[in-house]
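Taking it in order: structure first as structure tokens, then the write-up.
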Amino acid sequence: MITVTINGTKITFVKPVTILEAARAAGIDIPTLCHHDALKPYGGCRLCLVEIEKVPRLQTSCSQQVSDGMVVRTETEKVVEARRAVLEFLLINHPLDCSHCDKAGECELQDLAVKYGPATGRFAESKRKYPENFEDPLIVRNRERCILCSRCVRMCDDVQGASALCVANRGSKAYVEPFSGGRYDCEYCGNCLSVCPVGAITSRLHRHGYRPWLMEREVATVCSYCGVGCSLVLQVRNNSVVRSVPGTDPGFNKGILCARGRFGYDCVNNGDKLSVPLMRRDGELEPVTWEEAITHIAHRLEEIKRDNGSDAVAGIISGRCTNEDAYVFQKFLRGAIGTNNIDSVAGLAYGPAQRFFERIFGQGVTANYVHGISNSDGIFVIGGDPTAVNPVLGLQIRSAHKKGVPVIVIGYPGGLKRFSKHTFITSSPAETVLLAALVSEVRQMKSFPGERPAFDEIISGLQPVPLKSAAEVGRFGLNELIDMANTLSNMTNPSIIIGRDIVQTSTGHMNLLFLAALAYLLNGKVYLLSELPNEQGLLDMGCQPDMLPSGRPLAIESFRKRCEETLGIVLPSTPGLDYAEMIEAAHVGKIKALYVMGEDAALSLPDTNYVRDALRNIEFLVVQDRFLTETARHADVVLPALSWAEKEGTYTNLERRIQLTRKAVEGEGIEEWKIISEISKILGLDTGYRDVTDVFAEITRISHIYREVTHDHIAGGKCMWPYGGGPLRHDAHIEGVDLPDIISVMKNSEAGGVHVRREAHLFHSQNASRFSPALQSISPEPYVKMSEILADRLSIRSGDYVKVSTEAGSITLAAYRDPCLPENIVLIPPFEKGGIFEVTKWKVNPLINVPVLDGSRATIGE
Amino acid sequence: MNSRESVLLKNADRPGPAGIDEYGEWGGYRSLHKALSMEPGQVLDEVKKSGLRGRGGAGFPTGMKWSFAVADPQTQKYLLCNADEGEPGTFKDRIIIEKNPHLLIEGMVISAYAVGAASGYIYLRGEYPKAKDILLRAIKEAYEKNYLGDSILGKGVVFHLHIHCGAGAYICGEETALIESLEGKRGQPRIKPPFPVNEGFSSKPTVVNNVETLANIPYILEIGGDEYAKIGSPECPGLKLFSVSGHVKRPGVYELPMGVTLREIIYTHCGGIRGDRKLKGVIPGGVSTPVLLPDTIDCPMDFFHLGKVGSMLGSGAVIVFDETVDMVKVCLRITKFFEHESCGKCTPCREGVSWLRAVLERMSNGSGRGGDKDLLTEVSNNIAGKTFCPLGENAAAAVQSFVNNFGDEFKEKIKSG
Amino acid sequence: MALDNKILDEINELKRKYEDERSCLLPALYLFQREYGWLSPEALERVAEILNIPKATVKGVSTFYAMFSHKPMGRHLIQLCTNVACMIMGGERLLDILKGRYGLEPNLTTPDRRFSLVIMECIGACDTAPAMLVDTDLHGNLTEENIIGILERYE
Ligand SMILES: Cc1cc2nc3c(=O)[nH]c(=O)nc-3n(C[C@H](O)[C@H](O)[C@H](O)COP(=O)(O)O)c2cc1C
Ligand code: SF4
Ligand code: FES
């Protein structure tokens, strides 16, 4: 027990805290500038000085810990004098340009100057002068205003791990800047903006447009970019989002955001968004009224259903739609149309992977807390760079690495380059061989936990693969590999983090089996990276061709019957087509009508040409979206939808945390679920929802996993899996798992040539980022990354344009050299034009029903 | 003193460094043999008994510092030699390194043995390229003779020694900034506690000692701690090197017992003021220590007595000013030094010292304004007691001492402006 | 930046001296400065790459230290001390001599790239004040008369 007296009040602490923390706990305010709760004590600004009895010098309360019996005074004459002195020093070179400084009103220095009285003006020299720096598209730096608290630099180093900023020079000549001195070469998390106490680092997005007192509303909501679901607050004025700042509850992102959450909000205000329904007349899309559009859709669907049967209609939904949208959509297709032809982008990797693991380990096995990652004793990353796919989750890996936790990355490490102990980059078949070898190796070191004898048997039946073979196939150093295998075997509660690149391959089913074996043998927790904010929600809502809401198979008749009774409708009983099958069926004319809710198929699937042909082949295509996407341009009817900031609803993130998205601004479209309800009504199924909470109430009646959850519960933070009770894990159902034929994979991997692999991209996650001018401005151009050896052989310098050709097509891209790549791998990110999907041939892995990206070899250069 | 043979300055008046054989002929490395035949704790006791205080400036009792590191339960420990010698006026460590490098190495091996450090670094200032070459050669010789390595003198004692060069930053002489710099970082001081003896280099217990401090160790072992404690001032005994520069007839480094007076140094050892002019003032311990007036030169030079007359022993760098010197200009030059060397971490030092320089500059240019003298006092008072580390503190104290002691000259500058 | 293997070897050698690669940063910067005369942005980037340290961090560190130059330097570097002891012994007047003879001013390089001049804080040669370092050679007891003679020895 530590008892301290601060300004006469006695307070007791169990653990040592700093004087500042102690004072704040007692409700006593001590001014600070360099201190920030997310950062380690720095003690630089000297504002937080306090007097401690029996200590001759004043001490900084931010860095000094309390000790038992300590007597502290925070507002003595000596202390106040010292603060005045420090403030005067800070102000001698700080411009007094508050009137046009974007920080005015929330500037910590301004507040302090008001509190302690302005400087007396004894400083007669001219202030240091530097022009503002506008070289960066998003961030303005003002060196004159900087007080060198270094919060931005420490944030960038210690929390974000991007280390893109430094204090250059020293003493009175010191200043903060990125390496180039101009543009940032960074992850654009913008966390430096959050922590700057003054107006030295400001956002260009709301330059001279933000003043705290002018904001009309602050809306706490969830980010709509990825499956992490960070909490954020949208600040609104004149029905437009002026700024987004990190929220503190209920997400775990506590004060940080990534580039998409920070700057991507401008897609809400994008002037190109659709405002009226469009209908194709004489080949052109023309504006029509809502009524016209909706009746037309209903009649056409009715016709097609009558002439070709219900299963000639199909629906695809985007991972950006809410649970409520998703639920109503599947109910419409099943109840009003009578088909199970429903799938989503979650069906392309996230869903199949989850299904695979749940089959072995039970439902909810991938529902693990993101903040648990940094507490594990090892991290195994495969299938995509988490710092790009799910950036704020990626920070957990970095922080684990800083604590000394070993991180192994299979695949391109991207933002984990400086944060992993072992990295192995190779082709996709070689990755499978590597996984097989790792399972063999770990199996020798660890005994079976004995929880799932059926799985033990499967693992025992696997062909052993020596590390040496994996090293040969993957072109790795054997010693490095042995080292890595040892590191892996020593883990006792690792986090196994899996991205979609390991699923979307011809050997994806094998990879999943090997990963399940590793998770089992190592007692690992599985995390599935999720590129869109509500992939999990779509699965939970039953947007799958063979699953009903709550992830229950259609085949379970008792459950289907119960749903039918509860809803008073008939549900079709044969499984429908999945996403890939729908595209293939469209190709051969078997799908006549396709209803697309917010999804841009042309940007989600490999082989853009093939997908385009399929879309063209559809007799009646309806697209609900915010923008005229590539898919929408093929549509017969386009309905303007609302963005996540324009409507209420819920998202379920990759941890299975349910969160509320709240309406911040008034949009011009109509909520997705409402549009569907209208069409549904004409087709004879009246849903009767008055608002979004009615929809959610029905979800909780149907889905036993969401049972008893309400919007109020969620707002109150009761939103973590398993929501209403104990975990739903059950015994394995693993009959029928094929044992992989690893020998033929090895053979296949021997073929030479250059493999094109996808680079997960921080600024081009999926379609929404395309409509954010801010995100676009960071990295506007598609590119191909290649090894130095390959580049040297082809005499390619960074920035040169090269042609990349495969059997699927060829594109010309800017080339970049990356010393960490092996010779036989090039990376291309997804892009609207010139992205990876233009050079990947249409092919489906039939065992898990996902379109794959591997298989084509590329030639580089003319 | 004349009766005693030079210990730290042996070989100082000859060109070139003493090689390992020569050093051996003088009885070199005998203390190491002796130390290794004792328990580490016994070596530590001798150093404690000697009353040796650090010669880097702060005067912290060396034995006590070591015992803190010894008490830390972590087994991996480091010994760092502070050879950053950046305090203007100081050139004593360079002489030791350039003339008698093995004395330092022997001192380090013994010290490392006492504190249980298996590796050490000499943080050498970048401005001493020659010293680096000499040390490199000496270290190589010591490895060859098994005075360094994995089993020193075949006794299983491990100590590896490397040189790490600074690159022109005075603040890196401050021990925590030194450690940051050794770790490849900007040389900004760290928050204390934790102190280096518990969490220093690579977060391991680390002892940082000045070159001269370490060079005293073999002698302490040779004559015994009790005997050493009899040299010089009773409060802080021992041998001290004084670097004397400025307007004396014979500038240079002098090895004298602690407690010798400034008068003796200037008039006896250095032959008095050049041209027999009048003494105007003297800085007793490098520019970080307040300037003294001629009436205080009978003060004994040690950590204790100089404090009583408002200054400090610092590194023992005596800078002598004769009557021709413009003290405002000297004060300005010192302040410029501190402005240039401020790391910039803390507000009062970064902004305040720069402000002081600006005021001094205009005074020195003859464009001082009424009130400038008081402004100097007020601004330096506002710096004092609020900085992160002693650098800013010392900058303020230096200005205060000049303004207080030569106030008329400062007033003069305003009038003439 | 074409890099000869010599530097890489030397850096690998350095890595053995320290437990943490980060400690190699200052010595590595010295190597690049020795090799190229100054630390260009490309050099900083290379060091960052080799030691796996973020490049902005490398810049923050290298610009902290006065002895690293971030612009091209002449063939010979004159480091003239003007701190107190050298100043009162006449060091500042030497600046005028350098200016008169070579047109050289602090932080500048002569047009023929023969000399660059930097002003030093104390270089630890106060007993022979005023003093300067030319490259790695120390010259003390400088006078207005002898300084040019000394410098003329550097081509
Ligand atoms: C600004 C500053 C500069 C310093 N410079 C040096 C230096 O150049 N050499 C040195 O030995 N100690 C220097 N010190 C003192 C060191 O911090 C430390 O006290 C000393 O190295 C400890 O060694 P010692 O106990 O043997 O004296 C400096 C301290 C400060 C605050
Ligand atoms: S007093 Fe402050 S700014 Fe000055 S050197 Fe010390 S820490 Fe750096
Ligand atoms: S808040 Fe404590 S020194 Fe800045």
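By convention in this document, the chains of the structure tokens carry letters A, B, ... by their order, each chain's residues are numbered from 1, and ligands are numbered from 1 in the order they are shown.
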### Message
Need the shell around Ile676 (chain A): protein/DNA/RNA residues with any atom at most 10 Å away, counting only C-alpha atoms. Skip same-chain ones fewer than 3 positions apart. Format as a list in words?
### Response
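These residues fall inside the cut-off: Ile294, Ala298, Asp325, Val328, Phe329, Gln330, Lys331, Phe332, Leu333, Met597, Gln624, Ile670, Glu671, Glu672, Trp673, Ile679, Ser680, Lys681 and Thr687 of chain A.
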Residues of chain A that have any atom at most 12 Å from an atom of ligand 2: could you tabulate them with the shortest-distance atom pair and the distance in Å to one decimal, using only C-alpha atoms and all ligand atoms, ordered by chain and increasing number, as JSON lines?
{"residue": "A:Tyr42", "atom": "CA", "partner": "ligand 2", "partner_atom_place_in_ligand_line": "7 (S)", "distance": 10.4}
{"residue": "A:Gly43", "atom": "CA", "partner": "ligand 2", "partner_atom_place_in_ligand_line": "7 (S)", "distance": 8.9}
{"residue": "A:Gly44", "atom": "CA", "partner": "ligand 2", "partner_atom_place_in_ligand_line": "2 (Fe)", "distance": 7.1}
{"residue": "A:Cys45", "atom": "CA", "partner": "ligand 2", "partner_atom_place_in_ligand_line": "2 (Fe)", "distance": 9.1}
{"residue": "A:Arg46", "atom": "CA", "partner": "ligand 2", "partner_atom_place_in_ligand_line": "2 (Fe)", "distance": 9.3}
{"residue": "A:Leu148", "atom": "CA", "partner": "ligand 2", "partner_atom_place_in_ligand_line": "3 (S)", "distance": 10.6}
{"residue": "A:Cys149", "atom": "CA", "partner": "ligand 2", "partner_atom_place_in_ligand_line": "3 (S)", "distance": 11.5}
{"residue": "A:Arg170", "atom": "CA", "partner": "ligand 2", "partner_atom_place_in_ligand_line": "3 (S)", "distance": 8.7}
{"residue": "A:Gly171", "atom": "CA", "partner": "ligand 2", "partner_atom_place_in_ligand_line": "3 (S)", "distance": 6.4}
{"residue": "A:Ser172", "atom": "CA", "partner": "ligand 2", "partner_atom_place_in_ligand_line": "3 (S)", "distance": 8.7}
{"residue": "A:Lys173", "atom": "CA", "partner": "ligand 2", "partner_atom_place_in_ligand_line": "3 (S)", "distance": 11.4}
{"residue": "A:Ala174", "atom": "CA", "partner": "ligand 2", "partner_atom_place_in_ligand_line": "3 (S)", "distance": 10.5}
Keeping only N, CA, C and O atoms, write those residues as a tab-separated table (two decimals), in the first residue's frame.
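This went into part.tsv:
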chain	number	residue	atom	x	y	z
A	42	TYR	N	7.95	11.14	-20.65
A	42	TYR	CA	9.04	11.74	-21.41
A	42	TYR	C	9.74	12.82	-20.59
A	42	TYR	O	10.96	12.94	-20.61
A	43	GLY	N	8.95	13.61	-19.90
A	43	GLY	CA	9.56	14.61	-19.01
A	43	GLY	C	10.22	15.76	-19.73
A	43	GLY	O	11.15	16.36	-19.19
A	44	GLY	N	9.79	16.07	-20.93
A	44	GLY	CA	10.48	17.09	-21.72
A	44	GLY	C	9.93	18.49	-21.56
A	44	GLY	O	10.69	19.45	-21.48
A	45	CYS	N	8.61	18.63	-21.51
A	45	CYS	CA	8.07	19.99	-21.56
A	45	CYS	C	8.28	20.74	-20.26
A	45	CYS	O	8.39	21.95	-20.24
A	46	ARG	N	8.30	20.05	-19.17
A	46	ARG	CA	8.53	20.60	-17.82
A	46	ARG	C	7.34	21.39	-17.28
A	46	ARG	O	7.50	22.20	-16.36
A	148	LEU	N	7.98	20.76	-29.86
A	148	LEU	CA	8.93	19.66	-29.67
A	148	LEU	C	8.62	18.76	-28.48
A	148	LEU	O	9.53	18.28	-27.81
A	149	CYS	N	7.33	18.55	-28.25
A	149	CYS	CA	6.96	17.61	-27.19
A	149	CYS	C	7.28	16.19	-27.63
A	149	CYS	O	7.33	15.29	-26.82
A	170	ARG	N	19.24	19.20	-33.33
A	170	ARG	CA	19.09	19.18	-31.88
A	170	ARG	C	18.97	20.60	-31.34
A	170	ARG	O	19.13	21.58	-32.08
A	171	GLY	N	18.72	20.68	-30.05
A	171	GLY	CA	18.65	21.97	-29.38
A	171	GLY	C	17.60	22.87	-30.01
A	171	GLY	O	16.55	22.41	-30.47
A	172	SER	N	17.92	24.16	-30.06
A	172	SER	CA	16.92	25.09	-30.58
A	172	SER	C	16.75	24.96	-32.08
A	172	SER	O	15.87	25.56	-32.67
A	173	LYS	N	17.59	24.16	-32.73
A	173	LYS	CA	17.45	23.97	-34.17
A	173	LYS	C	16.70	22.68	-34.50
A	173	LYS	O	16.58	22.31	-35.67
A	174	ALA	N	16.21	22.01	-33.48
A	174	ALA	CA	15.53	20.73	-33.72
A	174	ALA	C	14.16	20.96	-34.33
A	174	ALA	O	13.52	21.98	-34.08
Show me, as a PDB file with C-alpha atoms, in the first residue's frame, the residues that have an atom within 9 Å of region 62-71 of chain C when counting only C-alpha atoms, minus same-chain residues fewer than 5 positions from it.
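Contents of the output file result_24.pdb:
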ATOM      1  CA  VAL A 167      13.216  14.889 -34.561  1.00  0.00           C
ATOM      2  CA  ALA A 168      16.008  16.131 -36.777  1.00  0.00           C
ATOM      3  CA  ASN A 169      18.929  18.195 -35.502  1.00  0.00           C
ATOM      4  CA  ARG A 170      19.094  19.177 -31.876  1.00  0.00           C
ATOM      5  CA  GLY A 171      18.654  21.967 -29.379  1.00  0.00           C
ATOM      6  CA  ALA A 174      15.534  20.734 -33.722  1.00  0.00           C
TER       7      ALA A 174
ATOM      8  CA  GLY B 126      34.740  11.744 -31.970  1.00  0.00           C
ATOM      9  CA  GLU B 127      37.146  14.667 -31.866  1.00  0.00           C
ATOM     10  CA  GLY B 166      30.892   9.707 -30.269  1.00  0.00           C
ATOM     11  CA  ALA B 167      30.213  12.131 -33.063  1.00  0.00           C
ATOM     12  CA  GLY B 168      30.245  15.621 -31.688  1.00  0.00           C
ATOM     13  CA  ALA B 169      27.653  15.967 -28.965  1.00  0.00           C
ATOM     14  CA  LYS B 185      20.033   6.708 -30.546  1.00  0.00           C
ATOM     15  CA  ARG B 186      19.913  10.456 -30.261  1.00  0.00           C
ATOM     16  CA  GLY B 187      21.940  11.458 -27.243  1.00  0.00           C
ATOM     17  CA  CYS B 343      19.829  18.320 -26.841  1.00  0.00           C
TER      18      CYS B 343
ATOM     19  CA  LEU C  25      24.350   2.856 -36.171  1.00  0.00           C
ATOM     20  CA  LEU C  26      26.935   5.482 -35.262  1.00  0.00           C
ATOM     21  CA  LEU C  29      27.395   6.239 -40.306  1.00  0.00           C
ATOM     22  CA  TYR C  30      31.082   6.910 -39.741  1.00  0.00           C
ATOM     23  CA  GLN C  33      30.995   9.307 -44.177  1.00  0.00           C
ATOM     24  CA  GLY C  37      32.799  12.273 -47.533  1.00  0.00           C
ATOM     25  CA  TRP C  38      29.267  13.030 -46.352  1.00  0.00           C
ATOM     26  CA  LEU C  39      25.956  11.391 -45.564  1.00  0.00           C
ATOM     27  CA  SER C  40      23.607  11.771 -48.494  1.00  0.00           C
ATOM     28  CA  PRO C  41      19.934  10.795 -48.158  1.00  0.00           C
ATOM     29  CA  LEU C  44      21.147   7.203 -44.790  1.00  0.00           C
ATOM     30  CA  THR C  57      15.034   7.160 -37.234  1.00  0.00           C
ATOM     31  CA  MET C 120      34.172  23.347 -33.223  1.00  0.00           C
TER      32      MET C 120
END
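Across C:Val84, C:Leu98, C:Ile11, C:Cys122, the tightest approach to ligand 1 is made by C:Cys122 when counting only C-alpha atoms and all ligand atoms.
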### Task
For ligand 3, collect every residue having any atom at a distance of at most 8 Å from a ligand atom (counting only C-alpha atoms and all ligand atoms); output as number ranges by chain.
A: 31-36, 41-49, 60-63, 149; B: 346
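Each of B:Trp355, B:Phe406, B:Phe195, B:Phe337 was checked against Ile119 (chain C) using only C-alpha atoms; the smallest atom-to-atom distance is that of B:Phe337.
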Give as a short mmCIF file (atom, residue, chain, number, x, y, z; two decimals) with N, CA, C and O atoms, in the first residue's frame the residues surrounding ligand 1 up to a distance of 8 Å, considering only C-alpha atoms and all ligand atoms.
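Once everything was written out, this is out.cif:
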data_model
loop_
_atom_site.label_atom_id
_atom_site.label_comp_id
_atom_site.auth_asym_id
_atom_site.auth_seq_id
_atom_site.Cartn_x
_atom_site.Cartn_y
_atom_site.Cartn_z
N ARG B 53 36.25 9.67 -5.52
CA ARG B 53 35.01 10.18 -6.11
C ARG B 53 35.22 10.34 -7.60
O ARG B 53 36.32 10.64 -8.05
N GLY B 54 34.12 10.19 -8.33
CA GLY B 54 34.20 10.24 -9.80
C GLY B 54 34.84 11.52 -10.28
O GLY B 54 34.59 12.61 -9.77
N ARG B 55 35.68 11.38 -11.30
CA ARG B 55 36.40 12.54 -11.83
C ARG B 55 35.72 13.13 -13.06
O ARG B 55 36.27 13.98 -13.74
N GLY B 56 34.53 12.64 -13.36
CA GLY B 56 33.84 13.12 -14.57
C GLY B 56 33.12 14.44 -14.36
O GLY B 56 32.70 15.08 -15.30
N GLY B 57 32.96 14.83 -13.10
CA GLY B 57 32.32 16.11 -12.86
C GLY B 57 31.40 16.12 -11.66
O GLY B 57 31.37 17.07 -10.88
N ALA B 58 30.64 15.03 -11.51
CA ALA B 58 29.64 15.04 -10.45
C ALA B 58 30.22 14.64 -9.11
O ALA B 58 29.66 14.94 -8.05
N GLY B 59 31.36 13.95 -9.12
CA GLY B 59 32.03 13.62 -7.86
C GLY B 59 31.30 12.58 -7.02
O GLY B 59 31.38 12.59 -5.80
N PHE B 60 30.61 11.68 -7.67
CA PHE B 60 29.89 10.65 -6.93
C PHE B 60 30.88 9.59 -6.43
O PHE B 60 31.78 9.18 -7.16
N PRO B 61 30.75 9.15 -5.15
CA PRO B 61 31.69 8.15 -4.63
C PRO B 61 31.68 6.87 -5.48
O PRO B 61 30.64 6.23 -5.65
N THR B 62 32.85 6.54 -6.00
CA THR B 62 32.95 5.44 -6.95
C THR B 62 32.57 4.10 -6.34
O THR B 62 31.82 3.32 -6.93
N LYS B 65 28.86 3.70 -6.08
CA LYS B 65 28.23 3.44 -7.38
C LYS B 65 28.37 1.97 -7.74
O LYS B 65 27.42 1.30 -8.12
N CYS B 81 33.32 3.24 -20.00
CA CYS B 81 34.25 4.30 -19.67
C CYS B 81 33.81 5.55 -20.41
O CYS B 81 33.66 5.56 -21.63
N ASN B 82 33.62 6.59 -19.64
CA ASN B 82 33.20 7.85 -20.23
C ASN B 82 34.45 8.63 -20.66
O ASN B 82 35.13 9.24 -19.85
N ALA B 83 34.75 8.54 -21.95
CA ALA B 83 35.89 9.27 -22.50
C ALA B 83 35.37 10.31 -23.47
O ALA B 83 35.95 10.56 -24.52
N ASP B 84 34.23 10.89 -23.13
CA ASP B 84 33.63 11.86 -24.04
C ASP B 84 34.25 13.24 -23.86
O ASP B 84 34.11 14.10 -24.72
N GLU B 85 34.89 13.44 -22.73
CA GLU B 85 35.62 14.66 -22.43
C GLU B 85 35.22 15.87 -23.28
O GLU B 85 35.97 16.36 -24.11
N GLY B 86 34.03 16.35 -23.03
CA GLY B 86 33.55 17.44 -23.87
C GLY B 86 33.54 18.77 -23.15
O GLY B 86 33.36 19.82 -23.77
N GLU B 87 33.75 18.76 -21.88
CA GLU B 87 33.66 19.98 -21.10
C GLU B 87 34.75 20.95 -21.56
O GLU B 87 35.94 20.67 -21.44
N TYR B 170 28.22 17.14 -26.97
CA TYR B 170 28.68 17.28 -25.59
C TYR B 170 27.76 16.58 -24.61
O TYR B 170 28.21 15.96 -23.65
N ILE B 171 26.46 16.62 -24.90
CA ILE B 171 25.50 16.03 -23.97
C ILE B 171 25.74 14.54 -23.78
O ILE B 171 25.37 13.95 -22.77
N CYS B 172 26.40 13.91 -24.75
CA CYS B 172 26.66 12.47 -24.62
C CYS B 172 27.65 12.15 -23.52
O CYS B 172 27.89 10.99 -23.21
N GLY B 173 28.24 13.18 -22.93
CA GLY B 173 29.04 12.94 -21.73
C GLY B 173 28.17 12.66 -20.53
O GLY B 173 28.61 12.04 -19.56
N GLU B 174 26.94 13.12 -20.55
CA GLU B 174 26.00 12.80 -19.47
C GLU B 174 25.72 11.31 -19.57
O GLU B 174 25.43 10.80 -20.65
N GLU B 175 25.78 10.62 -18.45
CA GLU B 175 25.88 9.16 -18.55
C GLU B 175 24.68 8.49 -19.22
O GLU B 175 24.85 7.53 -19.95
N THR B 176 23.47 8.99 -18.99
CA THR B 176 22.34 8.31 -19.64
C THR B 176 22.25 8.66 -21.12
O THR B 176 21.84 7.83 -21.94
N VAL B 208 29.05 3.55 -15.18
CA VAL B 208 29.72 4.50 -16.07
C VAL B 208 30.75 5.25 -15.24
O VAL B 208 30.41 5.84 -14.20
N ASN B 209 31.99 5.21 -15.66
CA ASN B 209 33.03 5.95 -14.96
C ASN B 209 33.89 6.72 -15.94
O ASN B 209 34.13 6.29 -17.07
N ASN B 210 34.38 7.81 -15.44
CA ASN B 210 35.27 8.66 -16.21
C ASN B 210 36.64 8.01 -16.38
O ASN B 210 37.05 7.17 -15.57
N VAL B 211 37.35 8.40 -17.42
CA VAL B 211 38.69 7.86 -17.71
C VAL B 211 39.60 8.02 -16.49
O VAL B 211 40.24 7.06 -16.03
N GLU B 212 39.63 9.23 -15.96
CA GLU B 212 40.55 9.50 -14.85
C GLU B 212 40.18 8.68 -13.62
O GLU B 212 41.05 8.18 -12.91
N THR B 213 38.89 8.54 -13.39
CA THR B 213 38.44 7.72 -12.26
C THR B 213 39.02 6.32 -12.38
O THR B 213 39.62 5.78 -11.45
N LEU B 214 38.84 5.74 -13.58
CA LEU B 214 39.28 4.36 -13.79
C LEU B 214 40.80 4.26 -13.74
O LEU B 214 41.35 3.26 -13.29
N SER B 315 35.22 19.15 -13.93
CA SER B 315 36.24 18.24 -14.44
C SER B 315 37.64 18.73 -14.09
O SER B 315 38.62 18.18 -14.56
N CYS B 389 18.14 17.97 -17.25
CA CYS B 389 19.45 17.47 -16.85
C CYS B 389 20.34 18.66 -16.50
O CYS B 389 19.96 19.81 -16.68
N PRO B 390 21.52 18.40 -15.99
CA PRO B 390 22.34 19.51 -15.51
C PRO B 390 22.84 20.46 -16.60
O PRO B 390 23.29 21.56 -16.29
N LEU B 391 22.77 20.07 -17.87
CA LEU B 391 23.32 20.95 -18.89
C LEU B 391 22.63 22.32 -18.87
O LEU B 391 23.29 23.36 -18.82
#
### Task
Do me a favour and pick out the residues of chain B within 6 Å of chain C, using only C-alpha atoms, as a VMD selection string.
chain B and resid 88 to 91 129 167 to 169 182 to 186 245 to 246 251 to 252
### Message
Applying 8 Å and only C-alpha atoms, which residues near region 489-502 of chain A remain after dropping the ones on its own chain fewer than 5 positions away? List them as an MDAnalysis selection string.
### Response
chainID A and resid 349:350 373 376:386 428 441:442 445:446 508 511:512 519 522:530 758
### Message
Show me, as a PyMOL selection string, the residues of chain A whose atoms get within 12 Å of chain C, using only C-alpha atoms for the distance check.
### Response
chain A and resi 150+153-154+156-157+161-181+184-186+415-420+818-820
So that each row is one residue of chain B with an atom at most 9 Å from chain A, can you give its shortest atom pair and the distance in Å to one decimal, using only C-alpha atoms, rows by chain and rising number, as CSV?
residue,atom,partner,partner_atom,distance
B:Arg186,CA,A:Arg170,CA,8.9
B:Arg190,CA,A:Tyr42,CA,8.4
B:Ile191,CA,A:Gly43,CA,7.2
B:Lys192,CA,A:Gln64,CA,8.7
B:Pro193,CA,A:Gln64,CA,8.3
B:Glu339,CA,A:Gly171,CA,6.6
B:His340,CA,A:Gly171,CA,6.6
B:Glu341,CA,A:Gly171,CA,6.7
B:Ser342,CA,A:Gly171,CA,4.6
B:Cys343,CA,A:Gly171,CA,4.6
B:Gly344,CA,A:Gly171,CA,3.6
B:Lys345,CA,A:Gly44,CA,5.3
B:Cys346,CA,A:Gly44,CA,4.2
B:Thr347,CA,A:Cys45,CA,5.2
B:Pro348,CA,A:Val86,CA,6.2
B:Cys349,CA,A:Gly171,CA,8.1
B:Arg350,CA,A:Ser172,CA,5.1
B:Glu351,CA,A:Phe89,CA,5.6
B:Gly352,CA,A:Phe89,CA,6.1
B:Val353,CA,A:Ser172,CA,8.7
B:Ser354,CA,A:Ser172,CA,6.7
B:Trp355,CA,A:Phe123,CA,7.7
B:Ala358,CA,A:Glu125,CA,7.4
B:Val359,CA,A:Glu125,CA,8.6
B:Leu375,CA,A:Arg122,CA,8.3
B:Val379,CA,A:Ala85,CA,8.4
B:Asn382,CA,A:Ala85,CA,5.6
B:Ile383,CA,A:Ala85,CA,7.8
B:Gly385,CA,A:Arg57,CA,6.1
B:Lys386,CA,A:Arg46,CA,6.7
B:Thr387,CA,A:Arg46,CA,7.2
B:Phe388,CA,A:Gly44,CA,6.9
### Task
Might you pull out every residue within 12 Å of Ile796 (chain A), with only C-alpha atoms counted and same-chain residues fewer than 6 positions away left off, and present them as JSON, numbers by chain?
{"A": [784, 785, 786, 787, 788, 789, 790, 802, 803, 813, 814, 815, 816, 817, 818, 860, 861, 862]}
### Task
With a distance cut-off of 8 Å and only C-alpha atoms, select the neighbouring residues of Leu853 (chain A), excluding the residue or stretch itself and same-chain residues fewer than 5 positions from it, and output the selection as a ChimeraX atom specification.
/A:504-505,606,757,840-841,843
Quick one: write out the picked residues with C-alpha atoms as a short mmCIF file (atom, residue, chain, number, x, y, z; two decimals), in the first residue's frame?
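Saved result, out.cif, follows:
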data_model
loop_
_atom_site.label_atom_id
_atom_site.label_comp_id
_atom_site.auth_asym_id
_atom_site.auth_seq_id
_atom_site.Cartn_x
_atom_site.Cartn_y
_atom_site.Cartn_z
CA GLN A 504 -7.67 -18.76 -52.38
CA THR A 505 -5.31 -21.29 -53.89
CA PRO A 606 -9.98 -13.10 -60.24
CA ARG A 757 0.96 -13.00 -55.81
CA THR A 840 -5.28 -14.17 -62.77
CA LYS A 841 -7.14 -16.83 -64.73
CA LYS A 843 -10.21 -21.24 -61.65
#
